[in-house]
>>> print(open('target.cif').read())   # mmCIF, C-alpha atoms and all ligand atoms
data_protein
loop_
_atom_site.label_atom_id
_atom_site.label_comp_id
_atom_site.auth_asym_id
_atom_site.auth_seq_id
_atom_site.Cartn_x
_atom_site.Cartn_y
_atom_site.Cartn_z
CA MET A 1 119.52 67.62 125.01
CA SER A 2 116.70 66.91 122.62
CA PRO A 3 117.56 65.34 119.26
CA THR A 4 118.18 67.69 116.37
CA PRO A 5 114.84 68.57 114.78
CA ARG A 6 114.40 67.03 111.33
CA ARG A 7 113.65 70.41 109.77
CA LEU A 8 117.14 71.62 110.58
CA LEU A 9 118.63 68.57 108.93
CA ARG A 10 116.59 69.09 105.79
CA TRP A 11 117.52 72.70 105.07
CA ARG A 12 121.23 72.71 104.49
CA SER A 13 122.30 76.07 103.13
CA PRO A 14 125.31 77.28 105.12
CA LEU A 15 124.23 80.91 104.57
CA ARG A 16 121.05 80.51 106.53
CA GLY A 17 121.27 81.98 109.99
CA ALA A 18 120.67 85.02 112.15
CA TRP A 19 122.94 87.36 110.18
CA LEU A 20 121.38 87.01 106.73
CA THR A 21 117.85 87.03 108.10
CA SER A 22 118.64 90.14 110.15
CA VAL A 23 120.11 92.03 107.20
CA LEU A 24 117.05 91.29 105.07
CA GLY A 25 114.84 92.10 108.05
CA ALA A 26 116.54 95.46 108.52
CA VAL A 27 115.90 96.39 104.88
CA LEU A 28 112.21 95.53 105.28
CA LEU A 29 112.06 97.33 108.60
CA VAL A 30 113.01 100.53 106.80
CA GLY A 31 111.17 99.96 103.51
CA MET A 32 107.87 98.45 104.61
CA PRO A 33 106.71 101.41 106.74
CA VAL A 34 107.05 103.62 103.64
CA VAL A 35 104.89 101.22 101.62
CA ILE A 36 102.35 100.98 104.45
CA LEU A 37 102.17 104.71 105.07
CA THR A 38 101.84 105.69 101.40
CA GLY A 39 99.16 103.01 101.02
CA LEU A 40 97.14 104.44 103.88
CA LEU A 41 97.66 107.94 102.49
CA SER A 42 96.18 106.77 99.21
CA TYR A 43 93.05 105.69 101.06
CA ILE A 44 92.80 109.19 102.56
CA ALA A 45 93.48 110.86 99.20
CA TYR A 46 90.41 109.06 97.83
CA GLY A 47 88.23 111.17 100.17
CA PRO A 48 86.74 108.87 102.82
CA GLN A 49 84.88 111.91 104.20
CA PHE A 50 82.69 111.74 101.09
CA GLY A 51 82.24 107.98 101.34
CA GLN A 52 84.19 107.52 98.10
CA ALA A 53 87.26 105.75 99.47
CA ILE A 54 86.99 102.00 98.93
CA PRO A 55 85.88 100.24 101.07
CA ALA A 56 83.62 103.07 102.23
CA ASP A 57 82.71 101.47 105.54
CA VAL A 58 85.72 100.17 107.42
CA GLY A 59 84.20 100.03 110.92
CA TRP A 60 86.68 100.70 113.67
CA LEU A 61 89.59 100.59 111.21
CA LYS A 62 88.67 104.16 110.28
CA LEU A 63 91.70 106.33 109.67
CA PRO A 64 91.96 109.92 110.81
CA THR A 65 90.98 111.79 107.66
CA PHE A 66 92.05 115.22 106.50
CA ASP A 67 91.60 117.26 103.38
CA TRP A 68 94.10 115.96 100.82
CA PRO A 69 96.31 118.91 99.75
CA ALA A 70 96.25 120.29 96.20
CA ASP A 71 99.86 121.44 96.58
CA PRO A 72 102.38 120.33 95.51
CA ALA A 73 100.76 119.04 92.33
CA TRP A 74 103.06 115.98 92.32
CA LEU A 75 102.07 114.86 95.83
CA TYR A 76 99.92 111.85 94.86
CA ARG A 77 102.31 111.03 92.04
CA LEU A 78 105.04 110.75 94.67
CA THR A 79 103.11 108.87 97.36
CA GLN A 80 101.45 106.39 95.01
CA GLY A 81 104.57 105.99 92.85
CA LEU A 82 106.44 105.10 96.04
CA HIS A 83 103.71 102.76 97.24
CA VAL A 84 103.62 100.72 94.05
CA GLY A 85 107.28 101.17 93.04
CA LEU A 86 108.86 100.43 96.40
CA GLY A 87 106.29 97.70 97.04
CA LEU A 88 107.42 95.92 93.86
CA VAL A 89 111.13 96.55 94.48
CA LEU A 90 110.85 94.93 97.90
CA VAL A 91 109.30 91.73 96.52
CA PRO A 92 112.71 90.03 95.98
CA VAL A 93 113.71 91.02 99.51
CA VAL A 94 110.50 89.56 100.94
CA LEU A 95 111.06 86.32 99.03
CA ALA A 96 114.68 86.13 100.20
CA LYS A 97 113.60 86.75 103.78
CA LEU A 98 111.03 83.96 103.53
CA TRP A 99 113.67 81.65 102.08
CA SER A 100 116.01 82.52 104.95
CA VAL A 101 113.49 81.54 107.64
CA ILE A 102 111.98 78.56 105.87
CA PRO A 103 113.01 75.96 108.48
CA ARG A 104 110.98 77.85 111.07
CA LEU A 105 107.94 78.45 108.90
CA PHE A 106 107.09 74.77 108.78
CA GLN A 107 107.87 73.95 112.38
CA VAL A 108 106.12 70.80 113.68
CA PRO A 109 104.37 70.93 116.08
CA PRO A 110 103.49 74.52 115.19
CA ALA A 111 103.47 75.66 118.82
CA ARG A 112 104.26 74.30 122.24
CA SER A 113 102.87 77.06 124.46
CA ILE A 114 100.32 79.85 124.41
CA ALA A 115 103.08 82.42 123.93
CA GLN A 116 104.41 80.44 120.99
CA LEU A 117 100.94 80.07 119.58
CA VAL A 118 100.51 83.86 119.63
CA GLU A 119 103.83 84.21 117.86
CA ARG A 120 102.84 81.63 115.24
CA VAL A 121 99.54 83.36 114.57
CA SER A 122 101.29 86.71 114.18
CA LEU A 123 103.70 85.04 111.76
CA LEU A 124 100.80 83.65 109.76
CA MET A 125 99.29 87.15 109.56
CA LEU A 126 102.67 88.58 108.55
CA VAL A 127 103.52 86.06 105.86
CA GLY A 128 99.97 85.50 104.65
CA GLY A 129 99.34 89.23 104.72
CA VAL A 130 102.41 90.23 102.76
CA LEU A 131 101.87 87.57 100.08
CA PHE A 132 98.19 88.50 99.77
CA GLU A 133 99.06 92.19 99.39
CA ILE A 134 101.69 91.45 96.76
CA VAL A 135 99.37 89.21 94.74
CA THR A 136 96.33 91.51 94.88
CA GLY A 137 98.48 94.59 94.20
CA VAL A 138 100.25 93.08 91.20
CA LEU A 139 97.03 91.66 89.74
CA ASN A 140 95.36 95.05 90.01
CA ILE A 141 98.21 96.64 88.07
CA GLN A 142 98.47 94.03 85.38
CA TYR A 143 94.82 93.24 84.80
CA ASP A 144 91.91 95.54 85.44
CA TYR A 145 89.77 94.53 88.29
CA ILE A 146 89.57 90.83 87.50
CA PHE A 147 88.47 89.94 90.97
CA GLY A 148 85.07 88.70 91.96
CA PHE A 149 85.53 90.96 94.95
CA SER A 150 86.70 94.55 95.12
CA PHE A 151 90.46 94.84 94.84
CA TYR A 152 90.42 97.87 97.10
CA THR A 153 88.44 96.14 99.85
CA ALA A 154 90.68 93.08 99.78
CA HIS A 155 93.87 95.13 99.67
CA TYR A 156 92.70 97.42 102.49
CA PHE A 157 91.71 94.71 104.96
CA GLY A 158 94.65 92.55 103.90
CA ALA A 159 96.90 95.50 104.72
CA TRP A 160 95.62 95.64 108.29
CA VAL A 161 96.20 91.93 108.78
CA PHE A 162 99.74 92.44 107.51
CA ILE A 163 100.30 95.58 109.61
CA ALA A 164 99.17 93.80 112.79
CA GLY A 165 101.48 90.86 112.05
CA PHE A 166 104.33 93.23 111.14
CA VAL A 167 104.05 95.23 114.37
CA MET A 168 103.92 92.10 116.55
CA HIS A 169 106.83 90.59 114.65
CA ILE A 170 108.95 93.71 115.13
CA ALA A 171 108.15 93.82 118.85
CA VAL A 172 109.21 90.19 119.27
CA LYS A 173 112.22 90.13 116.95
CA ILE A 174 114.00 93.47 117.30
CA PRO A 175 116.46 92.23 119.97
CA ARG A 176 117.24 89.16 117.86
CA MET A 177 117.72 91.27 114.76
CA ARG A 178 120.17 93.54 116.53
CA ALA A 179 122.13 90.58 117.86
CA GLY A 180 122.02 89.00 114.40
CA LEU A 181 123.39 92.15 112.75
CA ARG A 182 126.21 92.26 115.26
CA SER A 183 127.09 88.59 114.73
CA ARG A 184 129.09 89.40 111.58
CA SER A 185 130.80 92.45 110.20
CA MET A 186 129.30 93.61 106.90
CA ARG A 187 132.74 94.69 105.71
CA GLU A 188 134.06 91.23 106.41
CA VAL A 189 131.14 89.62 104.57
CA LEU A 190 131.69 91.83 101.54
CA ARG A 191 135.30 90.67 101.34
CA THR A 192 134.61 86.95 101.72
CA ARG A 193 134.57 84.70 98.66
CA THR A 194 132.51 81.55 98.24
CA ALA A 195 135.49 79.29 98.99
CA ASP A 196 135.99 81.00 102.36
CA THR A 197 132.30 81.11 103.28
CA VAL A 198 131.66 79.13 106.44
CA ALA A 199 128.32 77.94 107.81
CA GLU A 200 126.58 79.73 110.65
CA PRO A 201 126.98 78.00 114.01
CA PHE A 202 124.10 75.63 114.71
CA GLU A 203 121.59 76.52 117.44
CA PRO A 204 118.65 74.23 118.23
CA ASP A 205 116.15 77.10 118.12
CA GLY A 206 117.82 79.05 115.36
CA LEU A 207 117.82 79.04 111.57
CA ALA A 208 121.23 77.59 110.83
CA ALA A 209 121.50 74.12 109.34
CA ALA A 210 122.49 71.25 111.63
CA ASP A 211 124.36 69.52 108.84
CA PRO A 212 125.26 72.26 106.35
CA ASP A 213 126.37 71.67 102.78
CA PRO A 214 129.47 73.49 101.51
CA ALA A 215 128.71 77.00 100.26
CA THR A 216 127.85 77.35 96.57
CA ILE A 217 127.53 81.11 96.85
CA SER A 218 129.06 83.58 99.26
CA ARG A 219 126.99 85.80 101.55
CA ARG A 220 127.98 88.81 99.47
CA GLY A 221 126.86 86.87 96.39
CA ALA A 222 123.50 86.21 98.01
CA LEU A 223 123.13 89.91 98.86
CA ALA A 224 124.09 90.85 95.31
CA LEU A 225 121.52 88.42 93.96
CA VAL A 226 118.72 89.90 96.04
CA GLY A 227 119.90 93.46 95.41
CA GLY A 228 120.20 92.73 91.70
CA GLY A 229 116.66 91.34 91.68
CA ALA A 230 115.37 94.47 93.39
CA ALA A 231 117.31 96.69 90.96
CA LEU A 232 115.91 94.76 88.00
CA VAL A 233 112.35 95.24 89.25
CA ALA A 234 113.14 98.93 89.75
CA VAL A 235 114.35 99.29 86.16
CA LEU A 236 111.34 97.41 84.83
CA THR A 237 108.82 99.57 86.67
CA ALA A 238 110.26 103.01 87.45
CA GLY A 239 109.60 104.20 83.91
CA GLN A 240 105.87 104.26 84.51
CA THR A 241 106.29 107.09 86.99
CA LEU A 242 109.46 108.78 85.79
CA GLY A 243 108.61 108.86 82.09
CA GLY A 244 111.03 110.01 79.38
CA TRP A 245 113.54 107.43 78.19
CA THR A 246 112.92 105.28 81.27
CA ARG A 247 109.55 104.30 79.77
CA HIS A 248 111.34 102.19 77.20
CA ALA A 249 112.88 100.05 79.96
CA ALA A 250 109.58 99.64 81.74
CA LEU A 251 108.77 96.21 80.33
CA LEU A 252 106.20 95.50 83.03
CA LEU A 253 104.21 98.58 82.16
CA PRO A 254 100.58 97.59 81.90
CA ARG A 255 99.35 100.50 79.81
CA GLY A 256 101.51 100.57 76.74
CA ARG A 257 105.20 101.19 76.74
CA THR A 258 105.49 103.01 73.47
CA LEU A 259 103.03 105.72 72.67
CA GLY A 260 102.95 108.04 69.69
CA ASP A 261 104.11 111.62 70.02
CA GLY A 262 100.85 113.39 69.27
CA PRO A 263 99.25 115.70 71.84
CA ASN A 264 96.84 112.98 73.02
CA ASP A 265 99.33 110.11 72.93
CA PHE A 266 99.68 109.20 76.58
CA GLN A 267 98.24 106.45 78.78
CA VAL A 268 94.52 105.81 78.67
CA ASN A 269 92.99 104.14 81.66
CA ARG A 270 89.56 103.39 80.23
CA THR A 271 88.90 104.08 76.58
CA ALA A 272 85.78 105.83 75.29
CA ALA A 273 84.75 102.54 73.66
CA ALA A 274 85.14 100.58 76.88
CA ALA A 275 83.12 103.23 78.71
CA ARG A 276 80.49 103.13 75.92
CA ILE A 277 80.88 106.80 75.16
CA THR A 278 79.17 107.40 71.82
CA PRO A 279 79.19 110.54 69.64
CA ASP A 280 75.55 111.27 70.50
CA LEU A 281 76.63 111.69 74.14
CA THR A 282 79.57 113.97 73.41
CA GLY A 283 78.72 115.64 70.08
CA ASP A 284 76.78 118.83 69.38
CA ARG A 285 74.04 117.81 71.75
CA TRP A 286 76.43 117.60 74.70
CA ARG A 287 75.77 120.12 77.46
CA LEU A 288 77.46 120.86 80.76
CA THR A 289 75.01 121.45 83.59
CA LEU A 290 76.14 123.37 86.68
CA THR A 291 73.92 123.14 89.74
CA GLY A 292 74.04 124.33 93.32
CA GLY A 293 72.86 127.92 92.83
CA SER A 294 69.30 129.18 92.60
CA SER A 295 68.86 127.72 89.11
CA PRO A 296 70.92 125.38 86.95
CA VAL A 297 73.33 126.84 84.40
CA VAL A 298 73.58 124.97 81.11
CA LEU A 299 76.57 125.50 78.79
CA ASP A 300 77.60 124.07 75.45
CA ARG A 301 81.22 123.62 74.46
CA ALA A 302 81.31 126.93 72.56
CA ALA A 303 80.22 128.75 75.71
CA LEU A 304 83.04 127.08 77.62
CA THR A 305 85.71 127.90 75.05
CA ALA A 306 84.48 131.51 75.08
CA MET A 307 85.28 131.78 78.79
CA PRO A 308 88.78 132.84 79.99
CA GLN A 309 91.08 129.82 79.58
CA HIS A 310 93.84 128.77 81.96
CA THR A 311 96.76 126.44 81.20
CA ALA A 312 98.52 124.24 83.77
CA HIS A 313 101.16 121.53 83.64
CA LEU A 314 99.65 118.75 85.78
CA PRO A 315 100.12 115.03 86.34
CA ILE A 316 97.57 112.27 86.17
CA ALA A 317 98.69 109.77 88.80
CA CYS A 318 96.79 106.50 88.90
CA VAL A 319 96.41 104.26 91.93
CA GLU A 320 98.19 101.64 89.78
CA GLY A 321 101.39 103.63 90.21
CA TRP A 322 101.81 105.05 86.70
CA SER A 323 101.75 108.76 86.11
CA THR A 324 102.12 111.19 83.26
CA THR A 325 102.41 114.96 83.26
CA GLU A 326 100.72 116.91 80.47
CA THR A 327 99.81 120.50 79.67
CA TRP A 328 96.08 121.08 80.14
CA THR A 329 93.94 124.04 79.09
CA GLY A 330 90.40 124.77 80.16
CA VAL A 331 88.13 126.70 82.46
CA PRO A 332 89.12 126.99 86.14
CA LEU A 333 86.64 125.12 88.33
CA ARG A 334 86.38 128.14 90.62
CA ASP A 335 85.11 130.22 87.67
CA LEU A 336 82.44 127.60 87.04
CA ALA A 337 81.53 127.63 90.74
CA ARG A 338 81.08 131.39 90.60
CA LEU A 339 79.03 131.07 87.43
CA ALA A 340 76.83 128.47 89.13
CA GLY A 341 76.25 130.92 91.97
CA VAL A 342 78.31 129.06 94.59
CA PRO A 343 81.59 131.03 94.70
CA ASP A 344 82.80 129.32 97.88
CA PRO A 345 81.61 125.70 97.68
CA ALA A 346 82.34 123.14 100.41
CA SER A 347 82.60 120.45 97.74
CA ALA A 348 81.67 119.66 94.16
CA PHE A 349 80.04 116.50 92.89
CA VAL A 350 81.13 115.73 89.34
CA GLN A 351 79.25 113.31 87.10
CA SER A 352 80.27 111.86 83.76
CA VAL A 353 77.93 111.16 80.87
CA GLU A 354 79.33 107.63 81.19
CA ARG A 355 76.35 105.65 82.45
CA ARG A 356 77.97 102.70 84.12
CA GLY A 357 81.37 102.11 85.59
CA ALA A 358 82.61 102.67 89.12
CA PHE A 359 84.55 105.79 88.15
CA ASN A 360 81.89 107.87 86.43
CA ARG A 361 81.62 110.34 89.31
CA ALA A 362 83.75 111.98 92.00
CA THR A 363 83.42 114.43 94.85
CA LEU A 364 86.05 117.17 95.06
CA GLN A 365 87.03 119.00 98.23
CA ARG A 366 86.80 122.77 98.59
CA ASN A 367 90.58 123.26 98.11
CA GLN A 368 90.46 121.06 95.00
CA VAL A 369 87.76 123.24 93.43
CA LEU A 370 89.27 126.59 94.39
CA HIS A 371 92.90 125.89 93.43
CA PRO A 372 93.79 128.23 90.53
CA ASP A 373 95.11 125.27 88.47
CA ALA A 374 92.04 123.08 89.07
CA LEU A 375 90.43 122.81 85.64
CA LEU A 376 87.59 121.56 83.60
CA ALA A 377 90.04 120.81 80.80
CA LEU A 378 88.95 121.15 77.16
CA ARG A 379 92.36 120.78 75.58
CA VAL A 380 95.63 118.98 76.21
CA ASN A 381 99.05 119.86 74.79
CA GLY A 382 97.48 122.41 72.47
CA ALA A 383 94.85 120.11 70.92
CA ASP A 384 91.26 119.25 71.75
CA LEU A 385 90.95 116.32 74.14
CA SER A 386 90.67 113.04 72.28
CA PRO A 387 87.59 110.89 72.94
CA ASP A 388 89.73 108.53 75.05
CA HIS A 389 91.00 111.36 77.23
CA GLY A 390 87.56 112.73 78.00
CA PHE A 391 86.29 114.93 75.13
CA PRO A 392 84.47 117.29 75.36
CA ALA A 393 85.59 118.10 78.92
CA ARG A 394 87.32 116.44 81.85
CA ILE A 395 88.42 117.26 85.38
CA ILE A 396 92.11 117.81 86.06
CA VAL A 397 93.08 118.88 89.59
CA PRO A 398 96.55 119.14 91.15
CA ALA A 399 97.54 116.17 93.38
CA LEU A 400 94.17 114.48 92.85
CA PRO A 401 94.25 110.68 92.52
CA GLY A 402 93.85 109.84 88.80
CA VAL A 403 90.53 108.12 89.35
CA HIS A 404 88.83 111.37 90.35
CA ASN A 405 89.90 113.24 87.22
CA THR A 406 86.54 112.39 85.71
CA LYS A 407 86.34 112.18 81.91
CA TRP A 408 83.37 113.10 79.69
CA VAL A 409 81.93 115.41 82.36
CA GLY A 410 78.21 116.18 82.03
CA ARG A 411 77.29 117.77 85.33
CA ILE A 412 78.88 119.51 88.28
CA ASP A 413 76.95 120.14 91.48
CA PHE A 414 78.63 122.77 93.65
CA ARG A 415 77.62 122.21 97.25
CA ALA A 416 77.64 125.06 99.73
CA GLY A 417 78.41 124.79 103.44
CA GLY A 418 78.55 121.84 105.85
N1 LIG B 1 84.26 108.82 83.36
C1 LIG B 1 85.43 108.24 83.72
N2 LIG B 1 86.46 109.01 84.08
C2 LIG B 1 87.64 108.45 84.46
C3 LIG B 1 87.80 107.04 84.49
C4 LIG B 1 86.68 106.25 84.10
O1 LIG B 1 86.74 105.00 84.11
N3 LIG B 1 85.51 106.88 83.72
N4 LIG B 1 89.00 106.50 84.90
C5 LIG B 1 89.79 107.33 85.81
C6 LIG B 1 91.11 106.80 86.11
S1 LIG B 1 91.18 105.45 87.12
C7 LIG B 1 92.28 107.43 85.72
S2 LIG B 1 93.78 106.91 86.24
C8 LIG B 1 92.23 108.57 84.78
C9 LIG B 1 93.11 108.30 83.59
O2 LIG B 1 92.98 109.31 82.64
P1 LIG B 1 93.44 109.05 81.15
O3 LIG B 1 92.73 107.80 80.69
O4 LIG B 1 93.10 110.26 80.36
O5 LIG B 1 94.93 108.82 81.21
O6 LIG B 1 90.91 108.85 84.35
C10 LIG B 1 89.91 108.77 85.34
N5 LIG B 1 88.67 109.27 84.81
MO MO B 2 93.33 105.22 87.86
#
>>> encode(input="target.cif", output="structure tokens", more="lines below")
Ligand SMILES: Nc1nc2c(c(=O)[nH]1)N[C@H]1C(S)=C(S)[C@@H](COP(=O)(O)O)O[C@H]1N2
Ligand SMILES: [Mo]
Amino acid sequence: MSPTPRRLLRWRSPLRGAWLTSVLGAVLLVGMPVVILTGLLSYIAYGPQFGQAIPADVGWLKLPTFDWPADPAWLYRLTQGLHVGLGLVLVPVVLAKLWSVIPRLFQVPPARSIAQLVERVSLLMLVGGVLFEIVTGVLNIQYDYIFGFSFYTAHYFGAWVFIAGFVMHIAVKIPRMRAGLRSRSMREVLRTRTADTVAEPFEPDGLAAADPDPATISRRGALALVGGGAALVAVLTAGQTLGGWTRHAALLLPRGRTLGDGPNDFQVNRTAAAARITPDLTGDRWRLTLTGGSSPVVLDRAALTAMPQHTAHLPIACVEGWSTTETWTGVPLRDLARLAGVPDPASAFVQSVERRGAFNRATLQRNQVLHPDALLALRVNGADLSPDHGFPARIIVPALPGVHNTKWVGRIDFRAGG
């Protein structure tokens, strides 16, 4: 027998072992695919077919794209709320899982065979990938786009590194996880106090300590700690999607926890000032230009308010995970398409009067233009749009990612066919 590796002498928690790691692994095995899938769906919702998903060119990592539905209206609110919300809630579980396998993370030498080397590399992709995704995701929520590189590009490619590591890890570890789960009864664990908590049996290639300390917390205590951490994160973040009284608990909310109760008092992603929207751009001289037909149609705000108005209760759901549902009134986009002379457009290209900024334009799919609730909104909650929310007119389309609900619209090009 070889001597006991030093690493197993150094890490002495008696809780560490196959059971705890397997329980945490099982939680991630269920939760992570939801985070991954909703993340990839967000990429598709951005409209890669128009080259407006970021990064636009992903080489052979191209996903099968489809037209993002405009029904139900809360679809993107759900998928992106889950992506960000569940992603954050799982952070304590990820950290606990890393803690539980720490003796094996820093194994020296890192690998003794080709097979082991492959496993180590997949582990590096898994651990590096998940930490990179957490850090970039959280930074994007808490601070706007502070990166020298595109958040989206980093988060997208980082996701694939993580996914590859995750899939390989599952393939290798599933049998071990099942054995680990069977090694203790959960009911037994939940009944065992700290004083009765015994160390896991030592195995040379396992996780358990060779020379364990006495337990300072029971296994059920450890689970409660991780579960409590996840619940705390849930309470601190859920309010940004759920709204109502839960907003007041959402201490981590990046875009203002308490808002007034006026018709325009809800989250603002980018203010008119930040977007350099000045009154000369949006005042009496503002015009909406519709193109795509035989000749452009130019309307002022009075012409728009004179058209039949439609009201819809629709969410804005940002990629950052927050969402808010408001009551919008304006002219249906399909009426504008008809007026422009393109009653059945294949797509519509919307441009803001905002001159710079990555989000001053968006392409909408056919179903997003023709949906009866898809609006060029002029009013919200019974009042004119405020400058921050896009006065004189903004796009609001059911289930559309927030970013494409363009504010301060100046031009819409309805594109026929192909
Ligand atoms: N012209 C323009 N429109 C824009 C943006 C922008 O930066 N410029 N931000 C978008 C983003 S990312 C979101 S989430 C929504 C937020 O709308 P709100 O600020 O009215 O809540 O507006 C979208 N429309
Ligand atoms: Mo957004």
>>> residues_near_ligand(input="target.cif", ligand="ligand LIG 1 (chain B)", cutoff="6 Å", atoms="only C-alpha atoms and all ligand atoms", output="list in words")
Gln267, Val268, Asn269, Arg270, Cys318, Ser352, Glu354, Phe359, Asn360, His389, Gly402, Val403, His404, Asn405, Thr406, Lys407 and Trp408 of chain A
>>> closest_residue(input="target.cif", among="A:Ala179, A:Ala358, A:Ala416, A:Leu88", to="ligand MO 2 (chain B)", atoms="all atoms listed in the file")
A:Ala358
>>> closest_residue(input="target.cif", among="A:Pro332, A:Pro401, A:Gly410, A:Gly25", to="ligand MO 2 (chain B)", atoms="all atoms listed in the file")
A:Pro401
>>> closest_residue(input="target.cif", among="A:Leu400, A:Val331, A:Ala337, A:Leu117", to="ligand MO 2 (chain B)", atoms="only C-alpha atoms and all ligand atoms")
A:Leu400
>>> residues_around(input="target.cif", residues="A:Pro392", least_positions_apart="4", cutoff="12 Å", atoms="all atoms listed in the file", output="ChimeraX atom specification")
/A:272,277-288,299-302,304-305,330,352-353,376-380,383-388,406-410
>>> residues_near_point(input="target.cif", point="(132.1, 75.0, 102.4)", cutoff="10 Å", atoms="only C-alpha atoms", output="compact mmCIF listing (two decimals) with C-alpha atoms, keeping the file's coordinate frame")
# COMPACT_ATOMS: atom_id res chain seq x y z
CA SER A 13 122.30 76.07 103.13
CA PRO A 14 125.31 77.28 105.12
CA THR A 194 132.51 81.55 98.24
CA ALA A 195 135.49 79.29 98.99
CA ASP A 196 135.99 81.00 102.36
CA THR A 197 132.30 81.11 103.28
CA VAL A 198 131.66 79.13 106.44
CA ALA A 199 128.32 77.94 107.81
CA PRO A 212 125.26 72.26 106.35
CA ASP A 213 126.37 71.67 102.78
CA PRO A 214 129.47 73.49 101.51
CA ALA A 215 128.71 77.00 100.26
CA THR A 216 127.85 77.35 96.57
CA ILE A 217 127.53 81.11 96.85
CA SER A 218 129.06 83.58 99.26
>>> closest_residue(input="target.cif", among="A:Phe106, A:Trp328, A:Phe132, A:Trp245", to="A:Pro263", atoms="only C-alpha atoms")
A:Trp328
>>> residues_around(input="target.cif", residues="A:Leu181", least_positions_apart="6", cutoff="12 Å", atoms="all atoms listed in the file", output="PyMOL selection string")
chain A and resi 17-27+174-175+187+189
>>> residues_around(input="target.cif", residues="stretch 65-68 of chain A", least_positions_apart="2", cutoff="12 Å", atoms="all atoms listed in the file", output="ChimeraX atom specification")
/A:40-51,53,61-63,70-73,75-76,79,346-347,364-368,397-401
>>> closest_residue(input="target.cif", among="A:Asn140, A:Thr325, A:Ser100, A:Asn264", to="ligand MO 2 (chain B)", atoms="all atoms listed in the file")
A:Asn140
>>> closest_residue(input="target.cif", among="A:Gly137, A:Gly357, A:Gly128, A:Gly321", to="ligand MO 2 (chain B)", atoms="only C-alpha atoms and all ligand atoms")
A:Gly321
>>> atom_distance(input="target.cif", atom1="atom CA of A:Gly262", atom2="atom CA of A:Thr237")
23.6 Å
>>> residues_near_point(input="target.cif", point="(118.3, 77.0, 111.6)", cutoff="7 Å", atoms="only C-alpha atoms", output="VMD selection string")
chain A and resid 8 16 to 17 103 202 to 203 205 to 209
>>> write_last_selection(input="target.cif", atoms="C-alpha atoms", output="CSV table (one decimal), in the frame of the given file")
chain,number,residue,atom,x,y,z
A,8,LEU,CA,117.1,71.6,110.6
A,16,ARG,CA,121.0,80.5,106.5
A,17,GLY,CA,121.3,82.0,110.0
A,103,PRO,CA,113.0,76.0,108.5
A,202,PHE,CA,124.1,75.6,114.7
A,203,GLU,CA,121.6,76.5,117.4
A,205,ASP,CA,116.2,77.1,118.1
A,206,GLY,CA,117.8,79.0,115.4
A,207,LEU,CA,117.8,79.0,111.6
A,208,ALA,CA,121.2,77.6,110.8
A,209,ALA,CA,121.5,74.1,109.3
>>> residues_around(input="target.cif", residues="stretch 168-170 of chain A", least_positions_apart="4", cutoff="12 Å", atoms="only C-alpha atoms", output="number ranges by chain")
A: 22, 25-26, 28-30, 32-33, 118-127, 161-164, 174-178
>>> residues_around(input="target.cif", residues="A:Ala340", least_positions_apart="5", cutoff="10 Å", atoms="all atoms listed in the file", output="PyMOL selection string")
chain A and resi 289-298+334-335+412-414
>>> write_last_selection(input="target.cif", atoms="C-alpha atoms", output="PDB file, in the coordinates of the input")
ATOM      1  CA  THR A 289      75.010 121.450  83.590  1.00  0.00           C
ATOM      2  CA  LEU A 290      76.140 123.370  86.680  1.00  0.00           C
ATOM      3  CA  THR A 291      73.920 123.140  89.740  1.00  0.00           C
ATOM      4  CA  GLY A 292      74.040 124.330  93.320  1.00  0.00           C
ATOM      5  CA  GLY A 293      72.860 127.920  92.830  1.00  0.00           C
ATOM      6  CA  SER A 294      69.300 129.180  92.600  1.00  0.00           C
ATOM      7  CA  SER A 295      68.860 127.720  89.110  1.00  0.00           C
ATOM      8  CA  PRO A 296      70.920 125.380  86.950  1.00  0.00           C
ATOM      9  CA  VAL A 297      73.330 126.840  84.400  1.00  0.00           C
ATOM     10  CA  VAL A 298      73.580 124.970  81.110  1.00  0.00           C
ATOM     11  CA  ARG A 334      86.380 128.140  90.620  1.00  0.00           C
ATOM     12  CA  ASP A 335      85.110 130.220  87.670  1.00  0.00           C
ATOM     13  CA  ILE A 412      78.880 119.510  88.280  1.00  0.00           C
ATOM     14  CA  ASP A 413      76.950 120.140  91.480  1.00  0.00           C
ATOM     15  CA  PHE A 414      78.630 122.770  93.650  1.00  0.00           C
TER      16      PHE A 414
END
>>> build_atoms(input="target.cif", residues="stretch 65-70 of chain A", atoms="N, CA and C atoms", output="compact mmCIF listing (two decimals), in the coordinates of the input")
# COMPACT_ATOMS: atom_id res chain seq x y z
N THR A 65 90.96 111.23 109.01
CA THR A 65 90.98 111.79 107.66
C THR A 65 91.28 113.30 107.72
N PHE A 66 91.80 113.79 106.63
CA PHE A 66 92.05 115.22 106.50
C PHE A 66 91.90 115.57 105.04
N ASP A 67 91.73 116.86 104.77
CA ASP A 67 91.60 117.26 103.38
C ASP A 67 92.92 117.02 102.66
N TRP A 68 92.87 116.26 101.59
CA TRP A 68 94.10 115.96 100.82
C TRP A 68 94.55 117.26 100.16
N PRO A 69 95.84 117.63 100.31
CA PRO A 69 96.31 118.91 99.75
C PRO A 69 96.27 118.93 98.22
N ALA A 70 96.16 120.12 97.66
CA ALA A 70 96.25 120.29 96.20
C ALA A 70 97.62 120.86 95.83
